[in-house]
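Report on the following structure.
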Amino acid sequence: MSNGRGVQYVCILVLLLVFFALPHRGYGQRQPDGEGLLTFSHPSIGQYYIGVVFFGDDAYLPLGEILSLTEIPSTPSTNKFGLQGFYPSPKETWMVDPVAGVLILQGVSEPLPADDFYLGEQELYLEPSYFSKIFGLEFSVNPFNLSMTMKSRNVLPIDEKRKRETLRKQIQSKGSGQDALEMRYPLERKIVGLGVLDYNLNVDNSSRKSSFGLQMRAGAEILGGDFQVNMNGSKNNVGQTVNLSGMRWRYVLPSGLAPERNALLSSVTLGQISTSSQTFSAQLTGVALSNNPLIPRRELDVFVVDGYTEKDSEVELLIGGQLIDFMRADEVGYYRFNAPVTYGTLRLTLRIYTPQGEIITQEKQLQIPFTFLPKGFVSYNFQGGKLMNAPDSLASDLLGHADFSVGVTNAVTVRAGFDYGDYVGVDRTRSSFGISTRLFQQYLLDVDYLPSKFYRVNASVFYANNITISAKTTDYFTQPQEVNGGTKPLGDGNLNVFVPFQLFGKFSGIRIGGENIWLQDGYKGNLQADFNYQFGRVATRFNYRAQVMGLRVTDNLSPEFTPGILLSSMTYSLPRSPILPVFIKGMFFRAQAAYNTQTSQLSTVNVEVSQTLFTSGRFTLSYDRNIVNKSGAIQIGFLYDFNFIRSASQFTGRKGDYSIRQSLSGSLALDNQSGKLLPSNREQVNRSGISVRMFVDQNENGVFDEGEAIIPAKGIRLDKSANMVLGSDGILRITQLQSYWVYRLEVNEDALPDITLAPKEKVIGFMADPNRVKSIDIPLYRTGVIMGSIQTETAEGLQGVGGLRITLQRMGDEEPLETIRTFSDGGYYAFGLLPGKYTLEIDPKQLEYMKVSATPSILEFEIKALADGDYVEGLDFLLKRKE
């Protein structure tokens, strides 16, 4: 009996030893003094309740939950009780192992004391200092109001994710909003619309003569088309001259404003025009017809970008550094984009965010000239009329030109051109043919052929690493002949290569090029090389140029190099540091020298100093010295941009001579709404402008009436660049707009002087009228206010509930507008609501925690557009206990 009890005691003792020896959550470690829920708020994360454990007044924080909220990548450790990962870079690894009691940072192990962590049933809790040590997260806990805040020394993954989501929402809103953009102010054609006048006045005075010059260019709208004319006048010691030029009228059809369509006819032009021939251009007085869109085509093709990566990765497509599209890789890691191929130099970038937090970047570069047409598109230009300044020897001064281009595929465009008239030559006709191709997406090849004249081949490539190679060769069919005392060339060619690289961590590059002309008795050409580099704030550039010639002796060519010139320049800009005197902050210095390799001495030297004065002015002082001729010149210049005019003054002094030039330039535009002339320091002919009047619509009729208050503010955003000036009359004038272009105008409520004002429509569209200032009125209304309460049923009756969160969301929006908190009596309010329909919902997590339900669960209401603002009350919720 006693032996049996002994065996039982031994078994129990062994079991106890095993039990305590094995890792066990909840045993073998000190127990917390309590638990709690802390309110945690962060701009990118939002507001959450974080469960913590307390040891005295110290709160230990949940490692897994915080890493999940911040999206710092982590995986379970080998024993499943700890966590491991890398942050902020893949090389900075970490691991927390509570079972082994170790902390490993970048391969270096250190002890993790048992008093610094608590291993709970579902979470590992750490003392807050470890979050700072491992992740750079600084936490501040207030145990009295049960709240917690966080600061980060690094950019958190959740911050980057929110930025990407914001950009993606902007892309989605633009993608859906461009089609749905309401054209509130379409093109308005006028029989006669007085418009703009550009001018440039020059006064020159020297020791030898003086002169006066005036150039003016006027633009207007006549018979629904844009009209312009130039006037040039001059006066000097000899006499005076005045002449008109550039007079033309152009009517743009609606089809010319849709670049995505292949129009039959887009524009008709009358007056002084130039032929559009690429090889033979002439000035005519006549008529021109074209089906080319006035607004340039932006997209040519769709380029498929696809590949494989880790599954569930976020993949972004950027074009020119701007986010264009995004997607998530599927279960096998496949992604596919249909990238729009636009004209010009196109840099495609793939940015992949893996679930482990890695960022993978891939780049590709394309080059698409505007000579390419979309597949199936046909473009043409017709010009005909009388030659301007035609030679008297011509039997007829009439000339006609026509050219056609056809998009065979998106990568192949063929073209042909024809000229007819005595000016062309003895045959009275001239034709040209060409083809543009894009090989392997990024290699460009152009071939031009003129029968009995020449053929030309041009090839270029622009790689993603910015290496550029271009080459051109021309072969002439005509026999060599003496022209102006020289021999007509047999052919010519050039080659240019640019190779960028990094030197001592700084971007640099070298450009090497050469040109050659083949002659009957030899050849001649030139070689050149450029190199640039920047040392801190000092930028340097070196350029070498030399000519090379060869003479034919029997069957051999003997090359001969002529002396070269080495140009070197250095620029330096002083910083705008507060420790520097005001008069030298941002000062610009530049020095340049030319070195002759034949004489082995400097030939010219130039020194220049430039400084900004009075915010909008710039003073320049320079000195040029020709060492060979032993002569020099000093130049002093001052440029100032007033809001209404630009003034440029320059003095040049040499030994025994001087010259002074004063120039005034600017423009005047007529604001038809106010009848005022609007001066500007920039040209405005062939451009457009708008005058935006924002006002409080007191009678709610949507139009401006006398006596209604004008709101002066720069509260306007455009989707394209422009120049904005707020007038003393409270009207915002926006100039430098492209004629006939469609603009997206958005009202920025944050820039309005009264926070209670808002427009009924935040975004509208308009088309810029040519050579005119268009008037746009934006009515504003007072925003709305809402009030309500949340009450719960008790034995004593209804009682207000404080501290609850209510989500306010505008119908149709994906994200909440704001979160409202109830006061201690259960009441709440919100203001600044734009007209529209909204919903209110109590935080479901709080309702679940309180074990209650709300009636109604979601409350809907509408803010109406009223001049005095809408006031909605009685938005009440009733809470009931769940059974």
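If you're wondering about the labels, chains in the structure tokens are A, B, ... by order shown, residues count from 1 in each chain, ligands from 1 in order shown.
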Next item on the list: Enumerate, as number ranges by chain, the complete set of residues in region 88-335 of chain A that a backbone-based DSSP assignment places in strand (DSSP E).
Entry: A: 93-97, 102-105, 108-111, 117-119, 124-126, 137-142, 147-152, 183-185, 192-206, 210-222, 225-236, 240-252, 267-274, 283-290, 299-308, 314-319, 322-328, 334-335
Notebook entry, point to check: Using only C-alpha atoms, which residues sit within 9 Å of region 502-506 of chain A once same-chain residues fewer than 4 positions away are excluded, as number ranges by chain?
Noted result: A: 533-535
Check: What lies within 10 Å of Tyr380 (chain A) using only C-alpha atoms, ignoring chain neighbours under 5 positions off, as JSON, numbers by chain?
Finding: {"A": [264, 265, 276, 289, 290, 291, 292, 402, 403, 404, 405, 406, 415, 416, 417]}
Next item on the list: Tell me which of A:Thr819, A:Thr354, A:Asn494, A:Ser77 sits closest to Met95 (chain A), counting only C-alpha atoms.
Entry: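 Smallest separation from Met95 (chain A) among the options: A:Ser77.
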Next item on the list: Tell me which protein, DNA and RNA residues are within 12 Å of Asn232 (chain A), counting only C-alpha atoms, leaving out same-chain ones fewer than 4 positions away, and put them as a ChimeraX atom specification.
Entry: /A:198-202,212-218,240-246
Just-selected residues, N, CA, C and O atoms written as an mmCIF file, in the first residue's frame:
```cif
data_model
loop_
_atom_site.group_PDB
_atom_site.id
_atom_site.type_symbol
_atom_site.label_atom_id
_atom_site.label_comp_id
_atom_site.auth_asym_id
_atom_site.auth_seq_id
_atom_site.Cartn_x
_atom_site.Cartn_y
_atom_site.Cartn_z
ATOM 1 N N ASP A 198 -0.837 92.182 -77.907
ATOM 2 C CA ASP A 198 0.537 92.062 -77.412
ATOM 3 C C ASP A 198 1.367 93.206 -77.989
ATOM 4 O O ASP A 198 1.147 93.633 -79.128
ATOM 5 N N TYR A 199 2.330 93.677 -77.210
ATOM 6 C CA TYR A 199 3.176 94.762 -77.698
ATOM 7 C C TYR A 199 4.599 94.595 -77.181
ATOM 8 O O TYR A 199 4.842 93.962 -76.139
ATOM 9 N N ASN A 200 5.521 95.145 -77.930
ATOM 10 C CA ASN A 200 6.939 95.146 -77.556
ATOM 11 C C ASN A 200 7.556 96.439 -78.076
ATOM 12 O O ASN A 200 7.609 96.666 -79.287
ATOM 13 N N LEU A 201 8.003 97.276 -77.172
ATOM 14 C CA LEU A 201 8.567 98.591 -77.503
ATOM 15 C C LEU A 201 10.058 98.583 -77.185
ATOM 16 O O LEU A 201 10.458 98.256 -76.056
ATOM 17 N N ASN A 202 10.891 98.899 -78.186
ATOM 18 C CA ASN A 202 12.346 98.922 -78.015
ATOM 19 C C ASN A 202 12.887 100.303 -78.358
ATOM 20 O O ASN A 202 12.542 100.868 -79.409
ATOM 21 N N PHE A 212 14.108 103.399 -82.870
ATOM 22 C CA PHE A 212 12.894 103.136 -82.109
ATOM 23 C C PHE A 212 12.115 102.042 -82.844
ATOM 24 O O PHE A 212 11.961 102.100 -84.072
ATOM 25 N N GLY A 213 11.651 101.018 -82.115
ATOM 26 C CA GLY A 213 10.912 99.934 -82.742
ATOM 27 C C GLY A 213 9.678 99.563 -81.939
ATOM 28 O O GLY A 213 9.686 99.602 -80.702
ATOM 29 N N LEU A 214 8.613 99.236 -82.667
ATOM 30 C CA LEU A 214 7.366 98.841 -82.027
ATOM 31 C C LEU A 214 6.785 97.645 -82.782
ATOM 32 O O LEU A 214 6.594 97.704 -83.995
ATOM 33 N N GLN A 215 6.539 96.554 -82.048
ATOM 34 C CA GLN A 215 5.881 95.378 -82.613
ATOM 35 C C GLN A 215 4.588 95.133 -81.843
ATOM 36 O O GLN A 215 4.590 95.105 -80.607
ATOM 37 N N MET A 216 3.509 94.980 -82.577
ATOM 38 C CA MET A 216 2.214 94.709 -81.962
ATOM 39 C C MET A 216 1.549 93.541 -82.680
ATOM 40 O O MET A 216 1.686 93.390 -83.905
ATOM 41 N N ARG A 217 0.841 92.751 -81.922
ATOM 42 C CA ARG A 217 0.087 91.636 -82.483
ATOM 43 C C ARG A 217 -1.281 91.622 -81.824
ATOM 44 O O ARG A 217 -1.386 91.571 -80.595
ATOM 45 N N ALA A 218 -2.317 91.670 -82.633
ATOM 46 C CA ALA A 218 -3.686 91.726 -82.113
ATOM 47 C C ALA A 218 -4.386 90.403 -82.384
ATOM 48 O O ALA A 218 -4.171 89.763 -83.419
ATOM 49 N N GLN A 240 11.559 105.947 -91.449
ATOM 50 C CA GLN A 240 10.662 105.113 -90.677
ATOM 51 C C GLN A 240 9.914 104.166 -91.609
ATOM 52 O O GLN A 240 9.690 104.467 -92.783
ATOM 53 N N THR A 241 9.525 102.997 -91.071
ATOM 54 C CA THR A 241 8.791 101.988 -91.848
ATOM 55 C C THR A 241 7.685 101.409 -90.977
ATOM 56 O O THR A 241 7.830 101.294 -89.754
ATOM 57 N N VAL A 242 6.585 101.047 -91.635
ATOM 58 C CA VAL A 242 5.453 100.392 -90.978
ATOM 59 C C VAL A 242 4.921 99.335 -91.934
ATOM 60 O O VAL A 242 4.712 99.614 -93.123
ATOM 61 N N ASN A 243 4.706 98.112 -91.450
ATOM 62 C CA ASN A 243 4.150 97.074 -92.308
ATOM 63 C C ASN A 243 3.302 96.118 -91.487
ATOM 64 O O ASN A 243 3.491 95.964 -90.267
ATOM 65 N N LEU A 244 2.354 95.501 -92.184
ATOM 66 C CA LEU A 244 1.468 94.492 -91.595
ATOM 67 C C LEU A 244 1.888 93.114 -92.089
ATOM 68 O O LEU A 244 2.319 92.955 -93.237
ATOM 69 N N SER A 245 1.736 92.104 -91.256
ATOM 70 C CA SER A 245 2.085 90.744 -91.642
ATOM 71 C C SER A 245 1.308 89.768 -90.752
ATOM 72 O O SER A 245 0.697 90.162 -89.758
ATOM 73 N N GLY A 246 1.365 88.521 -91.152
ATOM 74 C CA GLY A 246 0.763 87.470 -90.335
ATOM 75 C C GLY A 246 -0.734 87.572 -90.179
ATOM 76 O O GLY A 246 -1.283 87.061 -89.181
#
```
Margin query: Set the distance at 8 Å and use only C-alpha atoms: which residues neighbour Thr309 (chain A) once local chain neighbours fewer than 6 positions away are removed? I'd like the list as a PyMOL selection string.
Written below: chain A and resi 329+333-335
Could the residues in this selection be written to a file with all heavy atoms, as a compact mmCIF listing (two decimals), in the first residue's frame?
```
# COMPACT_ATOMS: atom_id res chain seq x y z
N ALA A 329 -1.72 41.45 -57.64
CA ALA A 329 -1.37 40.22 -58.33
C ALA A 329 -2.28 39.09 -57.87
O ALA A 329 -2.67 39.02 -56.70
CB ALA A 329 0.10 39.88 -58.09
N GLY A 333 0.46 35.17 -58.76
CA GLY A 333 1.38 36.30 -58.86
C GLY A 333 1.38 37.01 -60.19
O GLY A 333 2.26 37.82 -60.46
N TYR A 334 0.37 36.76 -61.05
CA TYR A 334 0.34 37.37 -62.38
C TYR A 334 -0.34 38.74 -62.32
O TYR A 334 -1.32 38.94 -61.60
CB TYR A 334 -0.41 36.47 -63.36
CG TYR A 334 -0.49 37.03 -64.77
CD1 TYR A 334 0.63 37.07 -65.59
CD2 TYR A 334 -1.69 37.51 -65.27
CE1 TYR A 334 0.57 37.57 -66.88
CE2 TYR A 334 -1.77 38.02 -66.57
CZ TYR A 334 -0.64 38.04 -67.36
OH TYR A 334 -0.72 38.55 -68.63
N TYR A 335 0.19 39.69 -63.10
CA TYR A 335 -0.41 41.01 -63.24
C TYR A 335 -0.35 41.42 -64.71
O TYR A 335 0.52 40.97 -65.47
CB TYR A 335 0.31 42.05 -62.38
CG TYR A 335 1.77 42.22 -62.71
CD1 TYR A 335 2.19 43.10 -63.70
CD2 TYR A 335 2.74 41.49 -62.03
CE1 TYR A 335 3.52 43.25 -64.02
CE2 TYR A 335 4.09 41.63 -62.34
CZ TYR A 335 4.46 42.51 -63.33
OH TYR A 335 5.79 42.65 -63.65
```
Next item on the list: Mind checking which residues fall within 9 Å of region 709-726 of chain A, counting only C-alpha atoms, ignoring those fewer than 2 positions away in the same chain, and posting them as a PyMOL selection string?
Entry: chain A and resi 643+689+692-698+706-707+728-737+743-754+780
Margin query: I'd like the contact shell of region 40-43 of chain A - 9 Å cut-off, only C-alpha atoms, skipping same-chain residues fewer than 6 positions apart - returned as a ChimeraX atom specification.
Written below: /A:49-50,147-151,159
Item checked: Selected residue, from A:Arg336, A:Arg805, A:Arg545, A:Arg654, that lies nearest to Asn626 (chain A) when counting only C-alpha atoms ->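 Among the listed residues, A:Arg654 lies closest to Asn626 (chain A).
One distance worth recording is that between CA of Thr269 (chain A) and CA of Ala390 (chain A), which is 21.2 Å.
Using only C-alpha atoms, the nearest neighbour of Pro90 (chain A) within the list A:Met549, A:Val53, A:Val605, A:Ile360 is A:Ile360.
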